[in-house]
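Asks: Got a structure for you, questions after.
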Amino acid sequence: MSTTHLLTFPALLMLLYIPSSNPVTVTTSKAKVEVHENTNAVLSCEFRTEKETNPRVEWKKRGKDVSYVYFDGDFTGSFKGRASIDGATMTLRGVTQKDSGVYQCEVTARQDKIKLGEVIVTLNVLVPPHAPSCEVPEKVMKGFSAELHCKDKLSVPAATYSWYKDNKPLYTGNHQEIHYTLDPKTGTLKFKTVSESDEGQYRCEASNGVGAPKSCAGRHMKITEFELNMTIVIALEVAALLLLLSCCVAICLCCRRGCCRCCRKSKAKTKQSRTKTNYNPPTDPRHYKHTQSFVL
């Protein structure tokens, strides 16, 4: 046998073995799908079988609990009546945020050597900004701190926030004249100490790049001076009087019980003075005789 025949013999064996087809395989043209809310979402699923001519196609939504989307030739649950299937590719109409999640396409070919194939498709439904809820204090005393809050819980992806005062944007950079901080992720606007120039109408705007930005209605923040009215003055005077009266009562009770040193000393001095002024005549009769003789 020549060397040429030895080299070509494996090639001849390869030509003799020609497989009829590949076993069942399942693929997708787009593993991650992003669509806007209230539009249609196409979840691609393509398969190829070896022998099976009528494979079974199923769609499932994965999460805490796996639920069927398409089973036994029909859609189930909330997908019924608003979804269609072409081969194994599924189209969901009018999707909402609740439809976001991980979907699994399964193809079962009972006559094939590999009887089951599957592929994963992730659906993310984008939601444009909604009008955020804004918290703006009506009155703030001059020299005190203040916080303004803004939040949009519905937008996907999460919104970023900007604040406007009298329809002029507030800066977020480092400026010497700025005495506030603005966090675009949380929507919180903090004033260290407010001044008269901070009075005005404030509104917040939410944006996430999906739809047009949305704002809340403007709200006025008033800066007031600290003023003592008659009610506060009377209340302070009454409180001071009650405090003084309480102190007097406490001192009297303490002196009566002998708790204070000053009270104990005064009582001791009183007893000593009483002891010195009280005179008790002697009972010895000789003393009387001595006294009488001295008088004569």
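By convention in this document, the chains of the structure tokens carry letters A, B, ... by their order, each chain's residues are numbered from 1, and ligands are numbered from 1 in the order they are shown.
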Please provide the set of residues having any atom within 12 Å of Arg110 in chain A, restricted to only C-alpha atoms, with same-chain residues fewer than 5 positions apart removed, written as a list in words.

Replies: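 The residues that qualify are Pro23, Val24, Thr49, Glu50, Lys51, Glu52, Thr53, Asn54, Pro55, Arg56, Val57, Lys115, Leu116 and Gly117 of chain A.
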
Asks: Can you work out which one of A:Val66, A:Ile85, A:Ala206, A:Val119 has the shortest atom-to-atom distance to Ala131 in chain A, counting only C-alpha atoms?

Replies: A:Ala206

Asks: Taking only C-alpha atoms into account, name the residue in A:Trp59, A:Glu46, A:Cys247, A:Phe144 that is nearest to Gly87 in chain A.

Replies: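 Among the listed residues, A:Glu46 lies closest to Gly87 in chain A.
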
Asks: Considering only C-alpha atoms, state which residue in the set A:Lys113, A:His149, A:Arg93, A:Lys61 is at the smallest distance from Gly81 in chain A.

Replies: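 Smallest distance to Gly81 in chain A is found for A:Arg93.
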
Asks: For Gln97 in chain A, please output as a list in words all residues within 9 Å (counting only C-alpha atoms; exclusion window: fewer than 2 positions along the same chain).

Replies: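 After dropping sequence-adjacent residues, the list is Glu37, Val95, Asp99, Ser100, Asn124, Val125, Leu126, Val127 and Val156 of chain A.
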
Asks: So what do you get for CA of Arg62 in chain A versus CA of Tyr103 in chain A, distance-wise?

Replies: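 Those two atoms sit 6.0 Å apart.
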
Asks: Leaving out Ala158 in chain A and any residue of its chain fewer than 4 positions from it, which residues lie within 8 Å of it when counting only C-alpha atoms, given as a list in words?

Replies: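 Residues meeting the cut-off are Lys153, Leu154 and Asn208 of chain A.
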
Asks: Could you pull the residues within 7 Å of Gly94 in chain A, counting only C-alpha atoms, minus those fewer than 4 positions along the same chain, as a list of chain:residue names?

Replies: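 So the residues in contact are A:Asn38, A:Thr39, A:Asn40.
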